[in-house]
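Novice: Right, I'll just put the structure down here and ask away after.
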Amino acid sequence: MPGPHDCFSEDFKPDPYWWEASPRQPDTPAALPSSADVVIIGAGYTGLHAAVQTARAGLATVVVDAEAAGFGCSTRNGGQISTSVKPSFSTLKKRYGEELAIGILKEGQASLDHVTGFVRDERIDCDFGVVGRFHGAHTRGQYDKLARDCDSRHPAFETGAFMVPRDRQHAELGTDAYFGGIVFPRHSSLDPGKYHAGLLEVARSAGAIVVSHCRVNDLARGAQGFEVSTGKGRIRAGKVIIATNGYTGPLTPWHQRRVIPIGSYVIATEEIPQETMDRLFPTNRILSDTRKLVYYYRPSPDRKRILFGGRVSLQETDPRRSGPKLLAELVRLFPELSKTRISHSWAGIVAFSFDTLMHCGEDKGLYFAMGYCGSGVGMAGYLGSRLGKAAAGIDRDLGAFSRIPFETRPFYTGNPWFLGPSVAVYRLRDRLGV
């Protein structure tokens, strides 16, 4: 494998691979109006899906973002779409009881269905495909656990999942690094940059005004709604939707105390020979594994590159430093890629919650959805759409994720000082296979 300074191709870019086909737009010419029925803070998946609903309902809708629309994780993710909910049914049942646990799981399936239907109905060209997901077992014990879960009937919907033993693993993935795995055939993939660009166009066509490079500096509640102070002026809002997820900050300290910002890092390789891609990725699935510090990866939509992501640092770093670490893990899985170089390396911030579940809610006209725990491609748009419908009075029920407590911890204010020890423990557990 090339050394850390030799890992990069001659045309290397420290930007998301997805920006090649969908470059970030410069400052938008839209002026900030003096008032709106709804102001949405954040122009990623959550905010734009909410805007589609409120604008189509006839509400004057303004979306503001501190950066270019989609600058955050909406165009920095891996483009993988699952049913999103991480805790098992048994865990959820112990926490909340059977009825709410089933409701949470159904929301996960609904998020996958939402993206599928939205892309189809709005005719968004984003390389969407129902490719399925292979989830590899990094130990024999984890394979046995996956097999038990697969044999248990899912309480909310039929997954269609099936086990792949190690001796048949190469039919799914050209590596010997796993002890077999499980396939979820309904999970999907898309190009995040193209998806966001299409979503942005849908929101604007619906009548939403999107103002980029417009940071919100203060948010004050008044008798008639809200006063939103931005770098481009003030705007009065009847309702406000917080759609900031991993970029949630001191503007809304209550929310900031309840999400844990975690850096997620991704690389794209240089182009790989077709025969190699066909051997390593014969099914074109999205991929993940059972380790606590999970890696997620997939072929690019044109099957010329590998996109490989994970958490390799405790804070945002130069992508020239995180890239070689990810490449080393990729080569560990696929040793024949030892001479492969990196064409793109980048990072984004995802938001975890203390219960590893997403949350949404409303407080006297202030709406929010966040804490997607790395599953935002499906869940962000789904919950954003629910927020928009609630704000527009179409359907005020925000669903199961609004009925569970959004917890924080004593003395936590948004700086995850505990990540270092936690990551060290997870790395040790992954090595020991527990």
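As shown in the structure tokens, the chain order sets the letters A, B, ...; within each chain, residues go from 1, and ligands are also counted from 1 in the order they appear.
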Considering only alpha helix (DSSP H) as DSSP defines it on the backbone, what residues of segment 1-214 of chain A qualify? List them as number ranges by chain.

Specialist: A: 45-56, 89-96, 98-122, 140-151, 192-206

Novice: With C-alpha atoms kept, could you save the residues just selected as a PDB file, in the first residue's frame?

Specialist:
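Okay, result35.pdb is ready:
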ATOM      1  CA  TYR A  45     -32.852  17.155   3.348  1.00  0.00           C
ATOM      2  CA  THR A  46     -34.909  17.955   6.465  1.00  0.00           C
ATOM      3  CA  GLY A  47     -35.448  21.622   5.701  1.00  0.00           C
ATOM      4  CA  LEU A  48     -36.195  21.240   2.004  1.00  0.00           C
ATOM      5  CA  HIS A  49     -38.660  18.390   2.469  1.00  0.00           C
ATOM      6  CA  ALA A  50     -40.448  20.502   5.068  1.00  0.00           C
ATOM      7  CA  ALA A  51     -40.435  23.444   2.655  1.00  0.00           C
ATOM      8  CA  VAL A  52     -42.047  21.384  -0.107  1.00  0.00           C
ATOM      9  CA  GLN A  53     -44.979  20.638   2.175  1.00  0.00           C
ATOM     10  CA  THR A  54     -45.494  24.146   3.582  1.00  0.00           C
ATOM     11  CA  ALA A  55     -45.055  25.895   0.214  1.00  0.00           C
ATOM     12  CA  ARG A  56     -47.455  23.540  -1.562  1.00  0.00           C
ATOM     13  CA  PHE A  89     -37.305  -4.576  18.861  1.00  0.00           C
ATOM     14  CA  SER A  90     -36.492  -6.209  22.197  1.00  0.00           C
ATOM     15  CA  THR A  91     -34.505  -3.147  23.280  1.00  0.00           C
ATOM     16  CA  LEU A  92     -37.262  -0.770  22.192  1.00  0.00           C
ATOM     17  CA  LYS A  93     -39.924  -2.899  23.862  1.00  0.00           C
ATOM     18  CA  LYS A  94     -38.078  -2.764  27.196  1.00  0.00           C
ATOM     19  CA  ARG A  95     -37.777   1.016  26.930  1.00  0.00           C
ATOM     20  CA  TYR A  96     -41.208   2.011  25.666  1.00  0.00           C
ATOM     21  CA  GLU A  98     -44.627  -3.093  22.679  1.00  0.00           C
ATOM     22  CA  GLU A  99     -47.033  -0.671  20.987  1.00  0.00           C
ATOM     23  CA  LEU A 100     -44.614   2.268  20.790  1.00  0.00           C
ATOM     24  CA  ALA A 101     -41.725  -0.038  19.886  1.00  0.00           C
ATOM     25  CA  ILE A 102     -43.656  -1.321  16.872  1.00  0.00           C
ATOM     26  CA  GLY A 103     -44.567   2.250  15.978  1.00  0.00           C
ATOM     27  CA  ILE A 104     -40.894   3.259  15.961  1.00  0.00           C
ATOM     28  CA  LEU A 105     -39.973   0.348  13.690  1.00  0.00           C
ATOM     29  CA  LYS A 106     -42.797   1.231  11.309  1.00  0.00           C
ATOM     30  CA  GLU A 107     -41.423   4.768  11.086  1.00  0.00           C
ATOM     31  CA  GLY A 108     -38.143   3.276   9.920  1.00  0.00           C
ATOM     32  CA  GLN A 109     -39.832   1.436   7.067  1.00  0.00           C
ATOM     33  CA  ALA A 110     -41.870   4.546   6.265  1.00  0.00           C
ATOM     34  CA  SER A 111     -38.680   6.579   5.862  1.00  0.00           C
ATOM     35  CA  LEU A 112     -37.375   4.151   3.238  1.00  0.00           C
ATOM     36  CA  ASP A 113     -40.737   4.164   1.459  1.00  0.00           C
ATOM     37  CA  HIS A 114     -40.834   7.971   1.565  1.00  0.00           C
ATOM     38  CA  VAL A 115     -37.584   8.408  -0.350  1.00  0.00           C
ATOM     39  CA  THR A 116     -38.563   5.764  -2.882  1.00  0.00           C
ATOM     40  CA  GLY A 117     -41.899   7.446  -3.545  1.00  0.00           C
ATOM     41  CA  PHE A 118     -40.532  10.989  -3.565  1.00  0.00           C
ATOM     42  CA  VAL A 119     -37.807  10.234  -6.099  1.00  0.00           C
ATOM     43  CA  ARG A 120     -40.313   8.447  -8.306  1.00  0.00           C
ATOM     44  CA  ASP A 121     -43.144  10.969  -8.046  1.00  0.00           C
ATOM     45  CA  GLU A 122     -40.937  14.045  -8.474  1.00  0.00           C
ATOM     46  CA  ARG A 140     -18.459 -15.843  14.328  1.00  0.00           C
ATOM     47  CA  GLY A 141     -20.473 -14.758  17.338  1.00  0.00           C
ATOM     48  CA  GLN A 142     -21.862 -11.806  15.447  1.00  0.00           C
ATOM     49  CA  TYR A 143     -22.867 -14.078  12.576  1.00  0.00           C
ATOM     50  CA  ASP A 144     -24.789 -16.297  14.996  1.00  0.00           C
ATOM     51  CA  LYS A 145     -26.514 -13.232  16.440  1.00  0.00           C
ATOM     52  CA  LEU A 146     -27.494 -12.025  12.963  1.00  0.00           C
ATOM     53  CA  ALA A 147     -28.839 -15.488  12.168  1.00  0.00           C
ATOM     54  CA  ARG A 148     -31.018 -15.475  15.305  1.00  0.00           C
ATOM     55  CA  ASP A 149     -32.365 -12.045  14.392  1.00  0.00           C
ATOM     56  CA  CYS A 150     -33.059 -13.200  10.854  1.00  0.00           C
ATOM     57  CA  ASP A 151     -35.025 -16.219  12.095  1.00  0.00           C
ATOM     58  CA  PRO A 192     -26.658  12.412  -2.577  1.00  0.00           C
ATOM     59  CA  GLY A 193     -25.549  15.421  -4.602  1.00  0.00           C
ATOM     60  CA  LYS A 194     -28.024  14.801  -7.416  1.00  0.00           C
ATOM     61  CA  TYR A 195     -30.772  13.986  -4.928  1.00  0.00           C
ATOM     62  CA  HIS A 196     -30.250  17.256  -3.050  1.00  0.00           C
ATOM     63  CA  ALA A 197     -30.100  19.249  -6.293  1.00  0.00           C
ATOM     64  CA  GLY A 198     -33.379  17.718  -7.433  1.00  0.00           C
ATOM     65  CA  LEU A 199     -34.986  18.291  -4.045  1.00  0.00           C
ATOM     66  CA  LEU A 200     -33.849  21.925  -4.069  1.00  0.00           C
ATOM     67  CA  GLU A 201     -35.477  22.441  -7.448  1.00  0.00           C
ATOM     68  CA  VAL A 202     -38.716  20.833  -6.235  1.00  0.00           C
ATOM     69  CA  ALA A 203     -38.805  23.141  -3.180  1.00  0.00           C
ATOM     70  CA  ARG A 204     -38.200  26.241  -5.283  1.00  0.00           C
ATOM     71  CA  SER A 205     -40.774  25.178  -7.865  1.00  0.00           C
ATOM     72  CA  ALA A 206     -43.272  24.773  -5.029  1.00  0.00           C
TER      73      ALA A 206
END

Novice: Measuring atom to atom with only C-alpha atoms, identify which of A:Asp11, A:Asp176, A:Asp65, A:Glu20 is nearest to Thr230 of chain A.

Specialist: A:Asp65

Novice: Which residues of segment 163-239 of chain A come within 12 Å of segment 258-278 of chain A, and what is each one's closest atom pair and distance in Å (one decimal), counting only C-alpha atoms, sorted by chain and residue number, as a tab-separated table?

Specialist:
residue	atom	partner	partner_atom	distance
A:His170	CA	A:Asp278	CA	11.1
A:Ala171	CA	A:Asp278	CA	10.6
A:Glu172	CA	A:Asp278	CA	10.5
A:Leu173	CA	A:Asp278	CA	9.5
A:Gly174	CA	A:Asp278	CA	8.9

Novice: What is the atom CA of Ser189 of chain A to atom CA of Asn245 of chain A distance in Å?

Specialist: 21.1 Å

Novice: Tell me which protein, DNA and RNA residues are within 7 Å of Leu398 of chain A, counting only C-alpha atoms, leaving out same-chain ones fewer than 4 positions away, and put them as a list in words.

Specialist: Gly361, Arg386, Leu387, Ala390 and Ser402 of chain A

Novice: Write out as a JSON list (two decimals) with N, CA, C and O atoms, in the first residue's frame all residues of segment 82-330 of chain A that DSSP puts in strand (DSSP E) for this structure's backbone.

Specialist:
[["chain", "number", "residue", "atom", "x", "y", "z"],
["A", 133, "ARG", "N", -28.66, -4.37, 0.92],
["A", 133, "ARG", "CA", -27.48, -4.13, 1.76],
["A", 133, "ARG", "C", -26.95, -5.45, 2.32],
["A", 133, "ARG", "O", -27.71, -6.27, 2.83],
["A", 134, "PHE", "N", -25.64, -5.63, 2.21],
["A", 134, "PHE", "CA", -24.95, -6.75, 2.84],
["A", 134, "PHE", "C", -24.31, -6.24, 4.12],
["A", 134, "PHE", "O", -23.51, -5.30, 4.10],
["A", 135, "HIS", "N", -24.69, -6.85, 5.25],
["A", 135, "HIS", "CA", -24.17, -6.45, 6.56],
["A", 135, "HIS", "C", -23.29, -7.58, 7.06],
["A", 135, "HIS", "O", -23.76, -8.66, 7.42],
["A", 136, "GLY", "N", -21.97, -7.35, 7.03],
["A", 136, "GLY", "CA", -21.01, -8.39, 7.33],
["A", 136, "GLY", "C", -20.80, -8.61, 8.81],
["A", 136, "GLY", "O", -20.78, -7.67, 9.61],
["A", 162, "PHE", "N", -32.09, -12.35, 4.39],
["A", 162, "PHE", "CA", -31.61, -13.72, 4.34],
["A", 162, "PHE", "C", -30.12, -13.76, 4.68],
["A", 162, "PHE", "O", -29.39, -12.80, 4.45],
["A", 163, "MET", "N", -29.71, -14.90, 5.25],
["A", 163, "MET", "CA", -28.32, -15.07, 5.67],
["A", 163, "MET", "C", -27.45, -15.57, 4.51],
["A", 163, "MET", "O", -27.91, -16.30, 3.64],
["A", 164, "VAL", "N", -26.19, -15.14, 4.55],
["A", 164, "VAL", "CA", -25.19, -15.59, 3.58],
["A", 164, "VAL", "C", -24.02, -16.16, 4.38],
["A", 164, "VAL", "O", -23.26, -15.41, 5.01],
["A", 181, "GLY", "N", -22.69, -13.02, 6.53],
["A", 181, "GLY", "CA", -23.45, -11.82, 6.83],
["A", 181, "GLY", "C", -24.91, -11.98, 6.49],
["A", 181, "GLY", "O", -25.39, -13.09, 6.19],
["A", 182, "ILE", "N", -25.62, -10.88, 6.54],
["A", 182, "ILE", "CA", -27.05, -10.86, 6.26],
["A", 182, "ILE", "C", -27.33, -9.85, 5.15],
["A", 182, "ILE", "O", -26.66, -8.83, 5.05],
["A", 183, "VAL", "N", -28.30, -10.16, 4.29],
["A", 183, "VAL", "CA", -28.68, -9.26, 3.21],
["A", 183, "VAL", "C", -30.09, -8.74, 3.48],
["A", 183, "VAL", "O", -31.01, -9.51, 3.77],
["A", 184, "PHE", "N", -30.23, -7.43, 3.39],
["A", 184, "PHE", "CA", -31.54, -6.77, 3.44],
["A", 184, "PHE", "C", -31.85, -6.30, 2.02],
["A", 184, "PHE", "O", -31.36, -5.25, 1.58],
["A", 188, "SER", "N", -31.61, 0.68, -0.18],
["A", 188, "SER", "CA", -31.42, 1.37, -1.46],
["A", 188, "SER", "C", -30.20, 2.29, -1.44],
["A", 188, "SER", "O", -29.56, 2.48, -0.41],
["A", 189, "SER", "N", -29.92, 2.86, -2.61],
["A", 189, "SER", "CA", -28.81, 3.81, -2.72],
["A", 189, "SER", "C", -29.18, 4.90, -3.73],
["A", 189, "SER", "O", -30.07, 4.73, -4.56],
["A", 209, "ILE", "N", -38.74, 30.16, -0.95],
["A", 209, "ILE", "CA", -37.57, 31.02, -1.18],
["A", 209, "ILE", "C", -36.40, 30.43, -0.38],
["A", 209, "ILE", "O", -36.52, 30.23, 0.83],
["A", 210, "VAL", "N", -35.30, 30.15, -1.06],
["A", 210, "VAL", "CA", -34.13, 29.58, -0.40],
["A", 210, "VAL", "C", -33.01, 30.61, -0.45],
["A", 210, "VAL", "O", -32.59, 31.02, -1.54],
["A", 211, "VAL", "N", -32.55, 31.02, 0.72],
["A", 211, "VAL", "CA", -31.50, 32.04, 0.83],
["A", 211, "VAL", "C", -30.28, 31.40, 1.47],
["A", 211, "VAL", "O", -30.30, 31.04, 2.65],
["A", 216, "VAL", "N", -28.22, 32.46, 10.75],
["A", 216, "VAL", "CA", -29.13, 32.99, 11.76],
["A", 216, "VAL", "C", -28.34, 33.25, 13.03],
["A", 216, "VAL", "O", -27.72, 32.35, 13.59],
["A", 217, "ASN", "N", -28.38, 34.49, 13.48],
["A", 217, "ASN", "CA", -27.61, 34.90, 14.66],
["A", 217, "ASN", "C", -28.43, 34.92, 15.94],
["A", 217, "ASN", "O", -27.89, 34.82, 17.04],
["A", 218, "ASP", "N", -29.75, 35.08, 15.79],
["A", 218, "ASP", "CA", -30.59, 35.12, 16.98],
["A", 218, "ASP", "C", -32.01, 34.71, 16.61],
["A", 218, "ASP", "O", -32.49, 34.99, 15.50],
["A", 219, "LEU", "N", -32.66, 34.04, 17.54],
["A", 219, "LEU", "CA", -34.03, 33.59, 17.35],
["A", 219, "LEU", "C", -34.81, 33.94, 18.61],
["A", 219, "LEU", "O", -34.51, 33.42, 19.69],
["A", 220, "ALA", "N", -35.77, 34.84, 18.47],
["A", 220, "ALA", "CA", -36.53, 35.32, 19.62],
["A", 220, "ALA", "C", -38.01, 35.07, 19.41],
["A", 220, "ALA", "O", -38.55, 35.32, 18.34],
["A", 221, "ARG", "N", -38.67, 34.59, 20.47],
["A", 221, "ARG", "CA", -40.10, 34.35, 20.41],
["A", 221, "ARG", "C", -40.85, 35.61, 20.85],
["A", 221, "ARG", "O", -40.50, 36.23, 21.87],
["A", 222, "GLY", "N", -41.86, 35.97, 20.10],
["A", 222, "GLY", "CA", -42.67, 37.14, 20.44],
["A", 222, "GLY", "C", -44.14, 36.79, 20.52],
["A", 222, "GLY", "O", -44.53, 35.62, 20.37],
["A", 225, "GLY", "N", -45.34, 35.41, 17.08],
["A", 225, "GLY", "CA", -44.50, 34.43, 16.39],
["A", 225, "GLY", "C", -43.05, 34.58, 16.78],
["A", 225, "GLY", "O", -42.71, 34.63, 17.96],
["A", 226, "PHE", "N", -42.17, 34.71, 15.77],
["A", 226, "PHE", "CA", -40.74, 34.73, 16.01],
["A", 226, "PHE", "C", -40.07, 35.86, 15.25],
["A", 226, "PHE", "O", -40.52, 36.25, 14.16],
["A", 227, "GLU", "N", -39.00, 36.36, 15.83],
["A", 227, "GLU", "CA", -38.12, 37.32, 15.15],
["A", 227, "GLU", "C", -36.81, 36.59, 14.87],
["A", 227, "GLU", "O", -36.13, 36.13, 15.79],
["A", 228, "VAL", "N", -36.47, 36.46, 13.59],
["A", 228, "VAL", "CA", -35.28, 35.73, 13.17],
["A", 228, "VAL", "C", -34.27, 36.74, 12.66],
["A", 228, "VAL", "O", -34.51, 37.41, 11.65],
["A", 229, "SER", "N", -33.13, 36.85, 13.35],
["A", 229, "SER", "CA", -32.08, 37.80, 12.96],
["A", 229, "SER", "C", -30.99, 37.06, 12.22],
["A", 229, "SER", "O", -30.41, 36.10, 12.75],
["A", 230, "THR", "N", -30.69, 37.49, 11.00],
["A", 230, "THR", "CA", -29.69, 36.82, 10.16],
["A", 230, "THR", "C", -28.63, 37.80, 9.70],
["A", 230, "THR", "O", -28.76, 39.01, 9.89],
["A", 233, "GLY", "N", -30.27, 40.36, 7.41],
["A", 233, "GLY", "CA", -31.40, 41.13, 7.88],
["A", 233, "GLY", "C", -32.31, 40.32, 8.79],
["A", 233, "GLY", "O", -32.03, 39.17, 9.14],
["A", 234, "ARG", "N", -33.41, 40.93, 9.18],
["A", 234, "ARG", "CA", -34.38, 40.32, 10.08],
["A", 234, "ARG", "C", -35.62, 39.87, 9.30],
["A", 234, "ARG", "O", -35.99, 40.48, 8.31],
["A", 235, "ILE", "N", -36.22, 38.80, 9.80],
["A", 235, "ILE", "CA", -37.46, 38.32, 9.19],
["A", 235, "ILE", "C", -38.39, 37.84, 10.30],
["A", 235, "ILE", "O", -37.97, 37.14, 11.22],
["A", 236, "ARG", "N", -39.65, 38.25, 10.22],
["A", 236, "ARG", "CA", -40.67, 37.79, 11.16],
["A", 236, "ARG", "C", -41.27, 36.49, 10.62],
["A", 236, "ARG", "O", -41.56, 36.37, 9.43],
["A", 237, "ALA", "N", -41.50, 35.56, 11.54],
["A", 237, "ALA", "CA", -42.01, 34.25, 11.14],
["A", 237, "ALA", "C", -43.14, 33.83, 12.05],
["A", 237, "ALA", "O", -43.05, 33.96, 13.28],
["A", 238, "GLY", "N", -44.21, 33.32, 11.45],
["A", 238, "GLY", "CA", -45.28, 32.77, 12.26],
["A", 238, "GLY", "C", -44.85, 31.47, 12.93],
["A", 238, "GLY", "O", -45.15, 31.21, 14.10],
["A", 239, "LYS", "N", -44.10, 30.63, 12.18],
["A", 239, "LYS", "CA", -43.58, 29.37, 12.70],
["A", 239, "LYS", "C", -42.14, 29.20, 12.24],
["A", 239, "LYS", "O", -41.73, 29.75, 11.21],
["A", 240, "VAL", "N", -41.37, 28.44, 13.02],
["A", 240, "VAL", "CA", -39.97, 28.19, 12.69],
["A", 240, "VAL", "C", -39.71, 26.69, 12.76],
["A", 240, "VAL", "O", -40.18, 26.01, 13.68],
["A", 241, "ILE", "N", -38.97, 26.19, 11.79],
["A", 241, "ILE", "CA", -38.55, 24.78, 11.77],
["A", 241, "ILE", "C", -37.03, 24.73, 11.89],
["A", 241, "ILE", "O", -36.32, 25.33, 11.07],
["A", 242, "ILE", "N", -36.53, 24.01, 12.90],
["A", 242, "ILE", "CA", -35.10, 23.82, 13.10],
["A", 242, "ILE", "C", -34.70, 22.55, 12.37],
["A", 242, "ILE", "O", -35.13, 21.45, 12.71],
["A", 260, "ILE", "N", -25.30, 14.81, 19.66],
["A", 260, "ILE", "CA", -23.86, 14.62, 19.78],
["A", 260, "ILE", "C", -23.26, 14.73, 18.39],
["A", 260, "ILE", "O", -23.47, 13.83, 17.55],
["A", 261, "PRO", "N", -22.55, 15.81, 18.07],
["A", 261, "PRO", "CA", -21.95, 15.93, 16.73],
["A", 261, "PRO", "C", -20.74, 15.02, 16.59],
["A", 261, "PRO", "O", -19.83, 15.04, 17.43],
["A", 262, "ILE", "N", -20.74, 14.21, 15.56],
["A", 262, "ILE", "CA", -19.66, 13.25, 15.33],
["A", 262, "ILE", "C", -19.20, 13.37, 13.88],
["A", 262, "ILE", "O", -20.02, 13.35, 12.96],
["A", 263, "GLY", "N", -17.91, 13.48, 13.69],
["A", 263, "GLY", "CA", -17.36, 13.54, 12.35],
["A", 263, "GLY", "C", -17.45, 12.20, 11.65],
["A", 263, "GLY", "O", -17.15, 11.16, 12.23],
["A", 264, "SER", "N", -17.90, 12.21, 10.42],
["A", 264, "SER", "CA", -17.92, 11.01, 9.59],
["A", 264, "SER", "C", -17.11, 11.31, 8.33],
["A", 264, "SER", "O", -17.28, 12.36, 7.72],
["A", 265, "TYR", "N", -16.23, 10.39, 7.96],
["A", 265, "TYR", "CA", -15.22, 10.64, 6.94],
["A", 265, "TYR", "C", -15.41, 9.67, 5.78],
["A", 265, "TYR", "O", -15.77, 8.51, 5.96],
["A", 266, "VAL", "N", -15.20, 10.16, 4.57],
["A", 266, "VAL", "CA", -15.43, 9.35, 3.37],
["A", 266, "VAL", "C", -14.31, 9.60, 2.37],
["A", 266, "VAL", "O", -13.79, 10.71, 2.28],
["A", 267, "ILE", "N", -13.97, 8.55, 1.62],
["A", 267, "ILE", "CA", -13.06, 8.69, 0.49],
["A", 267, "ILE", "C", -13.70, 8.09, -0.75],
["A", 267, "ILE", "O", -14.59, 7.24, -0.67],
["A", 268, "ALA", "N", -13.26, 8.55, -1.89],
["A", 268, "ALA", "CA", -13.55, 7.91, -3.17],
["A", 268, "ALA", "C", -12.21, 7.49, -3.77],
["A", 268, "ALA", "O", -11.24, 8.27, -3.73],
["A", 269, "THR", "N", -12.15, 6.29, -4.29],
["A", 269, "THR", "CA", -10.91, 5.84, -4.92],
["A", 269, "THR", "C", -10.81, 6.37, -6.34],
["A", 269, "THR", "O", -11.80, 6.83, -6.92],
["A", 286, "ILE", "N", -25.05, -1.92, -1.23],
["A", 286, "ILE", "CA", -24.41, -1.09, -0.23],
["A", 286, "ILE", "C", -23.96, -2.03, 0.89],
["A", 286, "ILE", "O", -24.52, -3.12, 1.06],
["A", 287, "LEU", "N", -22.94, -1.61, 1.65],
["A", 287, "LEU", "CA", -22.29, -2.55, 2.57],
["A", 287, "LEU", "C", -21.99, -1.89, 3.91],
["A", 287, "LEU", "O", -21.71, -0.69, 3.99],
["A", 288, "SER", "N", -22.04, -2.71, 4.96],
["A", 288, "SER", "CA", -21.69, -2.28, 6.30],
["A", 288, "SER", "C", -21.30, -3.51, 7.09],
["A", 288, "SER", "O", -21.31, -4.63, 6.56],
["A", 289, "ASP", "N", -20.94, -3.34, 8.37],
["A", 289, "ASP", "CA", -20.57, -4.51, 9.17],
["A", 289, "ASP", "C", -21.00, -4.33, 10.61],
["A", 289, "ASP", "O", -21.55, -3.29, 11.00],
["A", 295, "TYR", "N", -17.89, 0.69, 9.40],
["A", 295, "TYR", "CA", -17.52, 1.25, 8.11],
["A", 295, "TYR", "C", -18.66, 0.97, 7.13],
["A", 295, "TYR", "O", -19.31, -0.06, 7.19],
["A", 296, "TYR", "N", -18.91, 1.92, 6.24],
["A", 296, "TYR", "CA", -19.95, 1.78, 5.24],
["A", 296, "TYR", "C", -19.33, 2.07, 3.88],
["A", 296, "TYR", "O", -18.51, 2.97, 3.74],
["A", 297, "TYR", "N", -19.71, 1.31, 2.88],
["A", 297, "TYR", "CA", -19.07, 1.47, 1.58],
["A", 297, "TYR", "C", -19.94, 0.92, 0.48],
["A", 297, "TYR", "O", -20.93, 0.24, 0.71],
["A", 298, "ARG", "N", -19.56, 1.24, -0.76],
["A", 298, "ARG", "CA", -20.36, 0.88, -1.92],
["A", 298, "ARG", "C", -19.60, 1.22, -3.19],
["A", 298, "ARG", "O", -18.67, 2.04, -3.18],
["A", 299, "PRO", "N", -19.97, 0.62, -4.31],
["A", 299, "PRO", "CA", -19.46, 1.12, -5.59],
["A", 299, "PRO", "C", -20.11, 2.46, -5.91],
["A", 299, "PRO", "O", -21.23, 2.73, -5.50],
["A", 306, "ILE", "N", -14.80, 3.11, -5.63],
["A", 306, "ILE", "CA", -15.34, 2.66, -4.37],
["A", 306, "ILE", "C", -15.47, 3.88, -3.45],
["A", 306, "ILE", "O", -14.53, 4.67, -3.31],
["A", 307, "LEU", "N", -16.64, 4.03, -2.84],
["A", 307, "LEU", "CA", -16.86, 5.04, -1.82],
["A", 307, "LEU", "C", -16.79, 4.33, -0.48],
["A", 307, "LEU", "O", -17.52, 3.36, -0.25],
["A", 308, "PHE", "N", -15.94, 4.82, 0.41],
["A", 308, "PHE", "CA", -15.67, 4.12, 1.67],
["A", 308, "PHE", "C", -15.67, 5.13, 2.80],
["A", 308, "PHE", "O", -14.92, 6.11, 2.77],
["A", 309, "GLY", "N", -16.52, 4.91, 3.82],
["A", 309, "GLY", "CA", -16.64, 5.88, 4.90],
["A", 309, "GLY", "C", -16.63, 5.24, 6.27],
["A", 309, "GLY", "O", -16.86, 4.05, 6.44],
["A", 310, "GLY", "N", -16.37, 6.08, 7.26],
["A", 310, "GLY", "CA", -16.37, 5.61, 8.64],
["A", 310, "GLY", "C", -15.91, 6.71, 9.58],
["A", 310, "GLY", "O", -15.74, 7.87, 9.17]]

Novice: Quick one: residues within 7 Å of segment 353-358 of chain A, only C-alpha atoms counted, chain neighbours fewer than 4 positions away excluded, as a PDB file with N, CA and C atoms, in the first residue's frame?

Specialist:
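The resulting file, result-v9.pdb, is shown below:
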ATOM      1  N   VAL A  85     -33.624   2.563  11.892  1.00  0.00           N
ATOM      2  CA  VAL A  85     -33.705   2.403  13.348  1.00  0.00           C
ATOM      3  C   VAL A  85     -32.656   1.417  13.834  1.00  0.00           C
ATOM      4  N   LYS A  86     -31.772   1.857  14.723  1.00  0.00           N
ATOM      5  CA  LYS A  86     -30.662   1.021  15.177  1.00  0.00           C
ATOM      6  C   LYS A  86     -31.036   0.048  16.304  1.00  0.00           C
ATOM      7  N   ARG A 258     -28.882  17.999  23.275  1.00  0.00           N
ATOM      8  CA  ARG A 258     -29.477  16.675  23.073  1.00  0.00           C
ATOM      9  C   ARG A 258     -28.947  15.937  21.849  1.00  0.00           C
ATOM     10  N   VAL A 259     -28.060  16.552  21.095  1.00  0.00           N
ATOM     11  CA  VAL A 259     -27.432  15.858  19.966  1.00  0.00           C
ATOM     12  C   VAL A 259     -25.919  15.865  20.147  1.00  0.00           C
ATOM     13  N   ILE A 260     -25.303  14.805  19.663  1.00  0.00           N
ATOM     14  CA  ILE A 260     -23.857  14.618  19.782  1.00  0.00           C
ATOM     15  C   ILE A 260     -23.262  14.728  18.385  1.00  0.00           C
ATOM     16  N   MET A 370     -34.152  15.899  14.326  1.00  0.00           N
ATOM     17  CA  MET A 370     -32.691  15.764  14.326  1.00  0.00           C
ATOM     18  C   MET A 370     -32.286  14.478  15.033  1.00  0.00           C
ATOM     19  N   GLY A 371     -30.969  14.230  15.085  1.00  0.00           N
ATOM     20  CA  GLY A 371     -30.451  13.043  15.739  1.00  0.00           C
ATOM     21  C   GLY A 371     -30.628  11.791  14.901  1.00  0.00           C
ATOM     22  N   TYR A 372     -30.266  11.854  13.629  1.00  0.00           N
ATOM     23  CA  TYR A 372     -30.524  10.743  12.715  1.00  0.00           C
ATOM     24  C   TYR A 372     -29.549   9.583  12.880  1.00  0.00           C
ATOM     25  N   CYS A 373     -28.513   9.770  13.660  1.00  0.00           N
ATOM     26  CA  CYS A 373     -27.600   8.682  14.021  1.00  0.00           C
ATOM     27  C   CYS A 373     -26.998   7.988  12.796  1.00  0.00           C
ATOM     28  N   PHE A 401     -41.598   9.230  16.913  1.00  0.00           N
ATOM     29  CA  PHE A 401     -40.387   9.865  17.425  1.00  0.00           C
ATOM     30  C   PHE A 401     -40.678  11.149  18.206  1.00  0.00           C
ATOM     31  N   GLU A 407     -33.532  12.884  25.465  1.00  0.00           N
ATOM     32  CA  GLU A 407     -32.709  12.977  26.664  1.00  0.00           C
ATOM     33  C   GLU A 407     -31.413  13.737  26.421  1.00  0.00           C
ATOM     34  N   THR A 408     -30.891  14.296  27.495  1.00  0.00           N
ATOM     35  CA  THR A 408     -29.549  14.840  27.515  1.00  0.00           C
ATOM     36  C   THR A 408     -28.822  14.225  28.715  1.00  0.00           C
TER      37      THR A 408
END

Novice: Ranking A:Arg168, A:Arg396, A:Arg76, A:Arg403 by minimum distance to Gly44 of chain A and counting only C-alpha atoms, which one comes first?

Specialist: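 Distance minimum relative to Gly44 of chain A lands on A:Arg76.
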